[in-house]
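Data from start_23.txt: compact mmCIF, C-alpha atoms and all ligand atoms
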```txt
# COMPACT_ATOMS: atom_id res chain seq x y z
CA MET A 1 -111.72 10.61 30.65
CA LEU A 2 -113.95 10.73 27.56
CA ASP A 3 -115.48 7.40 28.64
CA GLN A 4 -116.27 8.89 32.01
CA ILE A 5 -118.06 11.78 30.33
CA GLN A 6 -120.07 9.32 28.26
CA ASN A 7 -120.99 7.44 31.46
CA LYS A 8 -122.02 10.69 33.12
CA MET A 9 -124.30 11.54 30.20
CA GLU A 10 -125.85 8.08 30.40
CA ALA A 11 -126.40 8.56 34.15
CA PHE A 12 -128.10 11.92 33.50
CA ILE A 13 -130.39 10.26 30.93
CA THR A 14 -131.18 7.37 33.29
CA GLN A 15 -132.16 9.92 35.94
CA VAL A 16 -134.88 11.17 33.60
CA GLY A 17 -136.51 7.83 34.45
CA ASN A 18 -138.31 6.99 31.24
CA VAL A 19 -137.78 3.89 29.06
CA ASN A 20 -138.76 5.66 25.86
CA VAL A 21 -136.23 8.42 26.48
CA SER A 22 -133.53 5.79 27.12
CA LYS A 23 -134.49 3.95 23.93
CA LEU A 24 -134.31 7.10 21.82
CA ALA A 25 -131.07 8.20 23.50
CA SER A 26 -129.45 4.89 22.53
CA GLY A 27 -129.71 6.10 18.91
CA VAL A 28 -127.42 9.09 19.60
CA VAL A 29 -123.87 8.37 18.44
CA ALA A 30 -120.98 9.97 20.35
CA GLY A 31 -119.02 12.61 18.48
CA LYS A 32 -115.43 13.85 18.64
CA MET A 33 -116.13 15.68 21.92
CA LEU A 34 -114.08 18.73 20.95
CA ARG A 35 -115.77 20.85 23.62
CA SER A 36 -114.99 18.34 26.36
CA LYS A 37 -111.37 18.08 25.25
CA LEU A 38 -111.19 21.84 25.52
CA ILE A 39 -112.70 21.90 29.01
CA LEU A 40 -110.37 19.15 30.22
CA ALA A 41 -107.37 20.97 28.75
CA ILE A 42 -108.27 23.96 30.95
CA CYS A 43 -109.63 22.58 34.24
CA ASP A 44 -109.23 18.78 34.22
CA ASN A 45 -108.73 18.41 37.97
CA HIS A 46 -111.68 20.54 39.03
CA PRO A 47 -114.32 18.40 40.80
CA LYS A 48 -117.07 19.70 38.50
CA ALA A 49 -115.11 19.36 35.22
CA LEU A 50 -116.74 16.10 34.14
CA ASP A 51 -120.22 17.38 34.95
CA LEU A 52 -119.54 20.49 32.87
CA CYS A 53 -118.33 18.32 29.97
CA ALA A 54 -121.43 16.10 30.09
CA ILE A 55 -123.70 19.17 30.24
CA ILE A 56 -122.03 20.79 27.23
CA GLU A 57 -122.07 17.52 25.24
CA MET A 58 -125.79 17.09 25.98
CA ILE A 59 -126.52 20.63 24.79
CA GLN A 60 -124.45 19.95 21.68
CA SER A 61 -126.34 16.70 21.04
CA ALA A 62 -129.67 18.48 21.62
CA SER A 63 -128.79 21.09 19.03
CA LEU A 64 -127.82 18.39 16.50
CA LEU A 65 -131.04 16.42 17.16
CA HIS A 66 -132.95 19.58 16.27
CA ASP A 67 -130.61 20.52 13.43
CA ASP A 68 -131.03 17.16 11.69
CA VAL A 69 -134.79 17.68 11.68
CA ILE A 70 -134.41 21.21 10.32
CA ASP A 71 -131.90 20.06 7.66
CA GLU A 72 -133.81 16.81 6.97
CA SER A 73 -130.53 14.91 7.46
CA GLU A 74 -130.64 11.13 7.33
CA THR A 75 -127.15 10.52 8.73
CA ARG A 76 -125.15 11.83 11.65
CA ARG A 77 -121.63 10.81 12.67
CA GLY A 78 -121.58 7.98 10.13
CA GLN A 79 -124.86 6.39 11.20
CA SER A 80 -128.57 6.89 10.69
CA SER A 81 -129.73 10.01 12.49
CA VAL A 82 -132.32 9.76 15.30
CA ASN A 83 -134.91 11.50 13.10
CA ALA A 84 -134.25 8.95 10.33
CA VAL A 85 -134.76 6.02 12.71
CA PHE A 86 -137.43 7.30 15.13
CA GLY A 87 -138.97 10.22 13.22
CA ASN A 88 -138.88 14.01 13.54
CA LYS A 89 -141.19 14.30 16.53
CA ASN A 90 -139.07 11.96 18.62
CA SER A 91 -135.85 13.68 17.60
CA ILE A 92 -137.23 17.06 18.66
CA MET A 93 -138.60 15.75 21.96
CA LEU A 94 -135.37 13.95 22.79
CA GLY A 95 -133.47 17.17 22.05
CA ASP A 96 -135.80 18.96 24.49
CA VAL A 97 -135.10 16.38 27.21
CA PHE A 98 -131.32 16.63 26.67
CA TYR A 99 -131.46 20.40 26.71
CA ALA A 100 -133.67 20.68 29.80
CA LYS A 101 -131.77 18.07 31.81
CA ALA A 102 -128.46 19.74 30.92
CA PHE A 103 -129.83 23.04 32.21
CA PHE A 104 -131.03 21.45 35.44
CA GLU A 105 -127.51 20.10 36.02
CA LEU A 106 -125.97 23.44 34.99
CA THR A 107 -127.67 25.21 37.92
CA LYS A 108 -125.52 23.05 40.24
CA ILE A 109 -122.19 24.30 38.81
CA ASN A 110 -122.03 28.05 39.52
CA GLU A 111 -123.83 31.20 38.47
CA ARG A 112 -121.16 32.64 36.16
CA VAL A 113 -120.85 29.33 34.32
CA ALA A 114 -124.64 29.02 34.09
CA ARG A 115 -124.85 32.51 32.64
CA SER A 116 -122.09 31.85 30.09
CA VAL A 117 -123.57 28.56 28.86
CA SER A 118 -127.21 29.69 28.78
CA ASN A 119 -126.23 32.82 26.89
CA ALA A 120 -124.36 30.64 24.39
CA VAL A 121 -127.51 28.58 23.79
CA VAL A 122 -129.44 31.77 22.96
CA ALA A 123 -126.71 32.54 20.39
CA LEU A 124 -126.78 28.96 19.11
CA ALA A 125 -130.51 29.07 18.46
CA ARG A 126 -130.23 32.59 16.96
CA GLY A 127 -127.47 31.34 14.65
CA GLU A 128 -129.58 28.42 13.49
CA ILE A 129 -132.46 30.78 12.69
CA ASP A 130 -130.10 33.04 10.70
CA ASP A 131 -128.75 29.95 8.93
CA VAL A 132 -132.27 28.96 7.87
CA PHE A 133 -133.09 32.49 6.68
CA LEU A 134 -129.77 32.81 4.85
CA SER A 135 -130.55 29.52 3.10
CA GLU A 136 -133.53 31.07 1.32
CA GLY A 137 -131.24 32.38 -1.41
CA PHE A 138 -127.61 32.45 -2.53
CA ASN A 139 -125.71 34.57 0.03
CA PRO A 140 -122.54 36.30 -1.22
CA ASP A 141 -122.22 38.36 2.01
CA LYS A 142 -119.16 37.19 3.99
CA GLN A 143 -120.03 39.31 7.02
CA LYS A 144 -123.46 37.69 7.39
CA TYR A 145 -121.86 34.27 7.02
CA PHE A 146 -119.26 34.95 9.75
CA GLN A 147 -121.87 36.40 12.13
CA MET A 148 -124.04 33.32 11.64
CA LEU A 149 -121.23 30.88 12.28
CA LYS A 150 -119.99 32.78 15.34
CA ASP A 151 -123.48 32.26 16.77
CA LYS A 152 -124.24 28.78 15.47
CA THR A 153 -120.91 27.08 16.05
CA ALA A 154 -118.47 29.28 17.95
CA SER A 155 -120.81 30.28 20.80
CA LEU A 156 -120.85 26.92 22.61
CA ILE A 157 -117.11 26.45 22.07
CA THR A 158 -116.55 29.96 23.47
CA ALA A 159 -118.72 29.21 26.50
CA SER A 160 -116.90 25.89 27.06
CA ALA A 161 -113.50 27.57 27.19
CA GLU A 162 -114.81 30.49 29.27
CA SER A 163 -116.62 28.24 31.75
CA ALA A 164 -113.59 25.99 32.22
CA ALA A 165 -111.43 29.08 32.83
CA ILE A 166 -113.96 30.34 35.39
CA LEU A 167 -113.77 26.99 37.23
CA ALA A 168 -109.95 27.02 37.08
CA GLY A 169 -109.78 30.62 38.35
CA LEU A 170 -108.01 31.82 35.17
CA ASP A 171 -108.44 35.00 33.11
CA SER A 172 -111.70 33.97 31.43
CA ALA A 173 -111.62 36.77 28.81
CA LYS A 174 -108.50 35.25 27.20
CA TYR A 175 -110.10 31.81 27.03
CA ARG A 176 -113.32 33.26 25.69
CA ASP A 177 -111.37 34.85 22.88
CA TYR A 178 -109.50 31.63 22.26
CA GLY A 179 -112.78 29.66 22.10
CA CYS A 180 -114.42 32.11 19.73
CA ASN A 181 -111.53 32.08 17.24
CA LEU A 182 -111.15 28.32 17.52
CA GLY A 183 -114.91 27.94 16.92
CA VAL A 184 -114.80 30.04 13.76
CA ALA A 185 -111.78 28.07 12.50
CA PHE A 186 -113.61 24.83 13.32
CA GLN A 187 -116.66 25.73 11.22
CA ILE A 188 -114.50 26.97 8.33
CA ILE A 189 -112.77 23.57 8.29
CA ASP A 190 -116.16 21.85 8.49
CA ASP A 191 -117.32 23.83 5.45
CA LEU A 192 -114.08 23.01 3.66
CA LEU A 193 -114.34 19.27 4.34
CA ASP A 194 -117.86 19.27 2.88
CA VAL A 195 -116.38 20.19 -0.51
CA SER A 196 -113.03 18.39 -0.28
CA GLN A 197 -113.76 14.99 1.31
CA ASP A 198 -115.81 11.99 0.26
CA THR A 199 -118.97 10.70 1.91
CA SER A 200 -117.40 7.72 3.68
CA THR A 201 -114.67 9.85 5.30
CA LEU A 202 -117.19 12.47 6.41
CA GLY A 203 -119.84 10.15 7.81
CA LYS A 204 -122.42 12.32 6.02
CA PRO A 205 -123.02 13.12 2.34
CA ALA A 206 -120.24 15.08 0.64
CA MET A 207 -120.93 18.35 -1.30
CA ASN A 208 -124.14 18.58 0.67
CA ASP A 209 -124.03 22.14 2.06
CA PHE A 210 -124.74 23.96 -1.21
CA LYS A 211 -127.51 21.51 -2.06
CA GLU A 212 -129.02 22.22 1.38
CA GLY A 213 -128.97 25.95 0.60
CA LYS A 214 -125.85 26.81 2.61
CA THR A 215 -123.59 29.31 0.89
CA THR A 216 -120.50 28.43 2.92
CA LEU A 217 -117.09 30.13 2.69
CA PRO A 218 -115.79 28.06 -0.29
CA TYR A 219 -118.80 29.20 -2.34
CA ILE A 220 -118.57 32.84 -1.22
CA LEU A 221 -114.86 32.96 -2.12
CA LEU A 222 -115.54 31.24 -5.43
CA TYR A 223 -118.28 33.78 -6.21
CA GLU A 224 -115.77 36.59 -5.60
CA CYS A 225 -113.34 35.02 -8.12
CA LEU A 226 -115.83 34.43 -10.95
CA ASP A 227 -116.76 36.70 -13.84
CA GLY A 228 -120.38 37.70 -14.51
CA ASP A 229 -121.40 34.67 -16.62
CA ASP A 230 -119.83 32.14 -14.26
CA LYS A 231 -121.41 33.92 -11.28
CA LYS A 232 -124.77 33.25 -12.94
CA ILE A 233 -123.91 29.57 -13.45
CA LEU A 234 -122.86 29.27 -9.78
CA ILE A 235 -126.13 30.80 -8.58
CA SER A 236 -128.09 28.52 -10.96
CA TYR A 237 -126.59 25.48 -9.18
CA PHE A 238 -127.70 26.71 -5.73
CA LYS A 239 -129.82 23.99 -4.03
CA LYS A 240 -129.47 21.72 -7.09
CA ASP A 241 -128.53 18.08 -6.64
CA SER A 242 -126.95 17.14 -9.96
CA GLU A 243 -123.69 15.42 -10.91
CA GLN A 244 -123.11 18.11 -13.54
CA ALA A 245 -123.28 20.80 -10.84
CA LYS A 246 -120.84 18.91 -8.60
CA GLU A 247 -118.35 18.40 -11.43
CA TRP A 248 -118.52 22.07 -12.43
CA LEU A 249 -118.10 23.24 -8.85
CA LYS A 250 -115.12 20.94 -8.21
CA ALA A 251 -113.40 22.16 -11.39
CA GLN A 252 -113.98 25.80 -10.39
CA PHE A 253 -112.66 25.19 -6.87
CA ASP A 254 -109.49 23.79 -8.49
CA THR A 255 -109.07 26.58 -11.03
CA HIS A 256 -109.44 29.33 -8.43
CA ASN A 257 -107.43 27.63 -5.69
CA ILE A 258 -110.39 27.84 -3.31
CA ILE A 259 -109.35 25.00 -0.99
CA ALA A 260 -106.04 26.73 -0.19
CA GLN A 261 -107.83 30.07 0.31
CA VAL A 262 -110.29 28.54 2.76
CA GLN A 263 -107.49 26.76 4.59
CA ALA A 264 -105.66 30.09 4.91
CA GLN A 265 -108.77 31.65 6.49
CA ALA A 266 -109.00 28.81 9.01
CA ARG A 267 -105.28 29.21 9.75
CA LYS A 268 -105.84 32.94 10.35
CA TYR A 269 -108.49 32.24 13.00
CA GLY A 270 -106.37 29.43 14.44
CA ASP A 271 -103.48 31.88 14.86
CA LEU A 272 -105.80 34.40 16.53
CA ALA A 273 -106.85 31.65 18.95
CA LEU A 274 -103.18 30.90 19.71
CA ALA A 275 -102.44 34.61 20.21
CA SER A 276 -105.26 34.88 22.78
CA ILE A 277 -103.59 32.34 25.08
CA LYS A 278 -99.94 32.99 24.22
CA ASP A 279 -98.99 33.79 27.85
CA GLU A 280 -101.01 30.96 29.39
CA ASN A 281 -98.44 28.20 28.81
CA ASN A 282 -101.06 25.61 27.89
CA GLN A 283 -99.65 23.23 25.27
CA SER A 284 -102.80 21.09 25.21
CA LEU A 285 -104.83 24.07 24.04
CA GLU A 286 -102.23 24.90 21.42
CA LYS A 287 -102.37 21.32 20.18
CA VAL A 288 -106.19 21.46 19.94
CA VAL A 289 -105.84 24.27 17.37
CA GLU A 290 -103.41 22.32 15.19
CA THR A 291 -105.37 19.05 15.39
CA MET A 292 -108.57 20.82 14.53
CA ILE A 293 -107.20 22.72 11.54
CA TYR A 294 -105.43 19.70 10.03
CA ARG A 295 -108.26 17.17 10.65
CA GLU A 296 -109.73 15.17 7.79
CA PHE A 297 -113.28 14.69 9.05
C1 LIG B 1 -125.05 22.16 12.86
O1 LIG B 1 -124.97 22.94 11.75
C2 LIG B 1 -125.89 22.87 13.90
C3 LIG B 1 -125.44 23.57 14.96
C4 LIG B 1 -124.00 23.71 15.22
C5 LIG B 1 -126.35 24.24 15.94
C6 LIG B 1 -127.82 24.03 15.73
C7 LIG B 1 -128.63 24.76 16.77
C8 LIG B 1 -129.96 24.57 16.97
C9 LIG B 1 -130.78 23.65 16.16
C10 LIG B 1 -130.62 25.30 18.09
C11 LIG B 1 -130.70 24.35 19.23
C12 LIG B 1 -131.49 24.86 20.32
C13 LIG B 1 -131.52 24.32 21.57
C14 LIG B 1 -132.45 24.90 22.52
C15 LIG B 1 -130.65 23.20 22.01
P1 LIG B 1 -124.81 22.35 10.28
O2 LIG B 1 -126.14 21.90 9.80
O3 LIG B 1 -124.10 23.40 9.51
O4 LIG B 1 -123.80 21.14 10.50
P2 LIG B 1 -123.99 19.60 10.18
O5 LIG B 1 -123.48 19.41 8.80
O6 LIG B 1 -123.14 18.89 11.22
O7 LIG B 1 -125.43 19.25 10.29
MG MG B 2 -127.13 20.15 9.68
```
In structure tokens, how does this file's structure come out?
Amino acid sequence: MLDQIQNKMEAFITQVGNVNVSKLASGVVAGKMLRSKLILAICDNHPKALDLCAIIEMIQSASLLHDDVIDESETRRGQSSVNAVFGNKNSIMLGDVFYAKAFFELTKINERVARSVSNAVVALARGEIDDVFLSEGFNPDKQKYFQMLKDKTASLITASAESAAILAGLDSAKYRDYGCNLGVAFQIIDDLLDVSQDTSTLGKPAMNDFKEGKTTLPYILLYECLDGDDKKILISYFKKDSEQAKEWLKAQFDTHNIIAQVQAQARKYGDLALASIKDENNQSLEKVVETMIYREF
């Protein structure tokens, strides 16, 4: 099924009818396709399910093409990013093509789905803007962090689950709720892996978030555990790229049991996701939660 989605995306790109677009698109590496797995777990035999998956994956890829320019990232999914190979301008323009073509195809699905997905993209872009503004300084505010990640990461996952439920004729509010909680858990795990895994496992540099100016949950929780002097040291390492900083941070994460605390937060949102669909008898969706929380990259 995932191959078929990949083929559908390639067909959409071919329909754009431009050799340069096809050349740039060949530099986009396929991801884990979490959103597609979610859609297929809800409405796999609907005639428009594969189209919806390809549309969502193209929007996701568009957002990452733009995000890698904003974050000046050289790698994506274990390989050189499109901006690293073809430059920032091309990465942005390719993102625009992906985004616009996805929206053209979205109009063929149905109005409720189109409204759900387009609204999610507004949230996605809003979340990215908040992320950039939050990155201007150390952010100890958990509420701001959660609002930003609900927008930046959970919104498209929410819309994927909701849209699939709309197509399947199910109670879309339950699936929306499921998607939102799963999305938050997903980003918490992503933030955790940044501080707990090595570069080769991640397919992108490890301990990179803080250096990029992102005060993710491990850092906010650590800040809450530290005394005044150590708080100052933590803030002094914000956006710094030094081995000394990394060693200090790792030791503090150990001392204050931060990894387990972050895992517990992800588990909490995972359980909320499971509670949202408890009467739906969908084991695939339940499995998605477990696989996502206990993933290693
Ligand atoms: C990754 O965040 C980025 C996102 C999940 C969304 C980015 C959204 C935009 C750039 C707006 C896109 C707008 C349109 C119109 C498509 P991250 O940097 O925390 O994760 P990473 O480590 O995977 O880069
Ligand atoms: Mg990024």
With 6 Å as the cut-off and only C-alpha atoms and all ligand atoms counted, what is the closest atom pair between each nearby residue of chain A and ligand LIG 1 (chain B)? Distances in Å to one decimal, ordered by chain and number, as JSON lines.
```
{"residue": "A:Ile59", "atom": "CA", "partner": "B:LIG1", "partner_atom": "C15", "distance": 5.6}
{"residue": "A:Ala62", "atom": "CA", "partner": "B:LIG1", "partner_atom": "C15", "distance": 4.8}
{"residue": "A:Ser63", "atom": "CA", "partner": "B:LIG1", "partner_atom": "C11", "distance": 3.8}
{"residue": "A:Leu64", "atom": "CA", "partner": "B:LIG1", "partner_atom": "C2", "distance": 5.5}
{"residue": "A:His66", "atom": "CA", "partner": "B:LIG1", "partner_atom": "C9", "distance": 4.6}
{"residue": "A:Asp67", "atom": "CA", "partner": "B:LIG1", "partner_atom": "C9", "distance": 4.2}
{"residue": "A:Tyr99", "atom": "CA", "partner": "B:LIG1", "partner_atom": "C15", "distance": 5.5}
{"residue": "A:Leu124", "atom": "CA", "partner": "B:LIG1", "partner_atom": "C7", "distance": 5.2}
{"residue": "A:Ala125", "atom": "CA", "partner": "B:LIG1", "partner_atom": "C10", "distance": 3.8}
{"residue": "A:Glu128", "atom": "CA", "partner": "B:LIG1", "partner_atom": "C7", "distance": 5.0}
{"residue": "A:Lys152", "atom": "CA", "partner": "B:LIG1", "partner_atom": "C5", "distance": 5.0}
{"residue": "A:Thr153", "atom": "CA", "partner": "B:LIG1", "partner_atom": "C4", "distance": 4.6}
```
Give me, as number ranges by chain, all polymer residues having an atom no more than 7 Å from Ile220 in chain A, counting only C-alpha atoms and skipping those fewer than 4 positions away in the same chain.
A: 140, 142, 215-216, 224
For ligand MG 2 (chain B), return the neighbouring residues as a list in words (distance at most 7 Å; all atoms listed in the file).
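The residues within 7 Å of ligand MG 2 (chain B), counting all atoms listed in the file, are Asp67, Asp68, Asp71 and Ser73 of chain A.
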Pull C-alpha atoms from the residues just selected and write them as a PDB file, in the frame of the given file.
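Generated file (out00.pdb):
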```
ATOM      1  CA  ASP A  67    -130.610  20.520  13.430  1.00  0.00           C
ATOM      2  CA  ASP A  68    -131.030  17.160  11.690  1.00  0.00           C
ATOM      3  CA  ASP A  71    -131.900  20.060   7.660  1.00  0.00           C
ATOM      4  CA  SER A  73    -130.530  14.910   7.460  1.00  0.00           C
TER       5      SER A  73
END
```
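Taking CA of Gly203 in chain A as the reference point, CA of Arg77 in chain A is found at 5.2 Å.
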Which residues of range 154-256 of chain A sit at most 12 Å from range 104-113 of chain A, using all atoms listed in the file? Give each one's shortest atom pair and distance in Å (one decimal place), in chain and ascending residue order, as a Markdown table.
```
| residue | atom | partner | partner_atom | distance |
| --- | --- | --- | --- | --- |
| A:Leu156 | CA | A:Val113 | CA | 12.0 |
| A:Thr158 | CA | A:Val113 | CA | 11.7 |
| A:Ala159 | CA | A:Val113 | CA | 8.1 |
| A:Ser160 | CA | A:Val113 | CA | 9.0 |
| A:Ala161 | CA | A:Val113 | CA | 10.4 |
| A:Glu162 | CA | A:Val113 | CA | 8.0 |
| A:Ser163 | CA | A:Val113 | CA | 5.1 |
| A:Ala164 | CA | A:Val113 | CA | 8.3 |
| A:Ala165 | CA | A:Val113 | CA | 9.5 |
| A:Ile166 | CA | A:Val113 | CA | 7.0 |
| A:Leu167 | CA | A:Val113 | CA | 8.0 |
| A:Ala168 | CA | A:Val113 | CA | 11.5 |
| A:Gly169 | CA | A:Arg112 | CA | 11.8 |
| A:Ser172 | CA | A:Val113 | CA | 10.7 |
```
As a VMD selection string, please: the residues near Tyr269 in chain A (cut-off 12 Å, all atoms listed in the file, same-chain neighbours under 5 positions excluded).
chain A and resid 146 150 154 177 to 189 262 to 264 274 to 276 289 to 290 292 to 293
Answer as an MDAnalysis selection string, residues within 12 Å of (-123.7, 6.7, 9.1) using all atoms listed in the file
chainID A and resid 27:29 73:82 84:85 199:205
Write out as number ranges by chain the residues lying within 10 Å of range 129-131 of chain A, counting all atoms listed in the file and excluding same-chain residues fewer than 3 positions away.
A: 123-126, 134-136, 144-145, 147-149, 151-152, 213-215
All residues 12 Å or closer to Glu247 in chain A, only C-alpha atoms, same chain fewer than 6 positions away omitted, as a short mmCIF file (atom, residue, chain, number, x, y, z; two decimals) with C-alpha atoms, in the frame of the given file:
```
data_model
loop_
_atom_site.label_atom_id
_atom_site.label_comp_id
_atom_site.auth_asym_id
_atom_site.auth_seq_id
_atom_site.Cartn_x
_atom_site.Cartn_y
_atom_site.Cartn_z
CA VAL A 195 -116.38 20.19 -0.51
CA MET A 207 -120.93 18.35 -1.30
CA LEU A 234 -122.86 29.27 -9.78
CA TYR A 237 -126.59 25.48 -9.18
CA ASP A 241 -128.53 18.08 -6.64
CA PHE A 253 -112.66 25.19 -6.87
CA ASP A 254 -109.49 23.79 -8.49
#
```
So, with all atoms listed in the file as the atoms that count, which of A:Gln4, A:Pro218, A:Leu192, A:Glu243 lies closest to His256 in chain A?
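Smallest separation from His256 in chain A among the options: A:Pro218.
For the choices A:Leu222, A:Ala120, A:Ala30, A:Ile92, the atom-to-atom distance to Leu2 in chain A is smallest for A:Ala30 when using all atoms listed in the file.
Distance-wise, CA of Arg176 in chain A and CA of Ile259 in chain A end up 28.2 Å apart.
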Residue contacts of Ala102 in chain A (10 Å, all atoms listed in the file) excluding same-chain residues fewer than 6 positions away, as JSON, numbers by chain
{"A": [9, 12, 13, 51, 52, 54, 55, 56, 57, 58, 59, 62, 96]}
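Of the listed residues A:Lys8, A:Lys174, A:Arg295, A:Lys231, the one whose atoms come nearest to Lys48 in chain A is A:Lys8, with distances taken using all atoms listed in the file.
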Given 3 Å of margin on each side, can you work out the centre and size in Å (one decimal) of an axis-aligned box holding every listed atom of range 103-113 of chain A, as AutoDock Vina command-line options?
```
--center_x -125.9 --center_y 26.4 --center_z 36.2 --size_x 16.2 --size_y 18.5 --size_z 14.0
```
Just to confirm, what's the straight-line distance from CA of Ile5 in chain A to CA of Pro47 in chain A in Å (one decimal)?
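Computing the Euclidean distance for CA of Ile5 in chain A and CA of Pro47 in chain A yields 12.9 Å.
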Range 69-84 of chain A rebuilt with N, CA, C and O atoms, output as a short mmCIF file (atom, residue, chain, number, x, y, z; two decimals), in the coordinates of the input:
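So selection-v8.cif came out as:
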```cif
data_model
loop_
_atom_site.label_atom_id
_atom_site.label_comp_id
_atom_site.auth_asym_id
_atom_site.auth_seq_id
_atom_site.Cartn_x
_atom_site.Cartn_y
_atom_site.Cartn_z
N VAL A 69 -133.38 17.55 12.10
CA VAL A 69 -134.79 17.68 11.68
C VAL A 69 -134.91 18.87 10.73
O VAL A 69 -135.49 18.76 9.64
N ILE A 70 -134.32 19.99 11.14
CA ILE A 70 -134.41 21.21 10.32
C ILE A 70 -133.78 20.98 8.94
O ILE A 70 -134.33 21.37 7.91
N ASP A 71 -132.62 20.30 8.93
CA ASP A 71 -131.90 20.06 7.66
C ASP A 71 -132.38 18.81 6.93
O ASP A 71 -131.84 18.48 5.86
N GLU A 72 -133.32 18.08 7.54
CA GLU A 72 -133.81 16.81 6.97
C GLU A 72 -132.65 15.85 6.69
O GLU A 72 -132.60 15.19 5.65
N SER A 73 -131.69 15.78 7.64
CA SER A 73 -130.53 14.91 7.46
C SER A 73 -130.83 13.48 7.88
O SER A 73 -131.43 13.26 8.93
N GLU A 74 -130.38 12.56 7.07
CA GLU A 74 -130.64 11.13 7.33
C GLU A 74 -129.49 10.48 8.10
O GLU A 74 -129.65 9.39 8.65
N THR A 75 -128.32 11.12 8.05
CA THR A 75 -127.15 10.52 8.73
C THR A 75 -126.51 11.54 9.67
O THR A 75 -126.57 12.76 9.44
N ARG A 76 -125.89 11.00 10.69
CA ARG A 76 -125.15 11.83 11.65
C ARG A 76 -124.02 10.97 12.18
O ARG A 76 -124.25 9.86 12.62
N ARG A 77 -122.81 11.51 12.15
CA ARG A 77 -121.63 10.81 12.67
C ARG A 77 -121.52 9.39 12.11
O ARG A 77 -121.29 8.42 12.83
N GLY A 78 -121.76 9.25 10.82
CA GLY A 78 -121.58 7.98 10.13
C GLY A 78 -122.70 6.98 10.28
O GLY A 78 -122.63 5.87 9.75
N GLN A 79 -123.74 7.32 11.04
CA GLN A 79 -124.86 6.39 11.20
C GLN A 79 -126.18 7.09 10.93
O GLN A 79 -126.22 8.30 10.77
N SER A 80 -127.26 6.28 10.90
CA SER A 80 -128.57 6.89 10.69
C SER A 80 -128.87 7.86 11.82
O SER A 80 -128.60 7.57 12.98
N SER A 81 -129.41 9.02 11.47
CA SER A 81 -129.73 10.01 12.49
C SER A 81 -130.97 9.56 13.28
O SER A 81 -131.73 8.71 12.81
N VAL A 82 -131.17 10.14 14.45
CA VAL A 82 -132.32 9.76 15.30
C VAL A 82 -133.63 10.06 14.56
O VAL A 82 -134.58 9.25 14.61
N ASN A 83 -133.68 11.17 13.85
CA ASN A 83 -134.91 11.50 13.10
C ASN A 83 -135.17 10.48 11.99
O ASN A 83 -136.32 10.16 11.69
N ALA A 84 -134.07 9.95 11.39
CA ALA A 84 -134.25 8.95 10.33
C ALA A 84 -134.79 7.65 10.91
O ALA A 84 -135.62 6.98 10.29
#
```
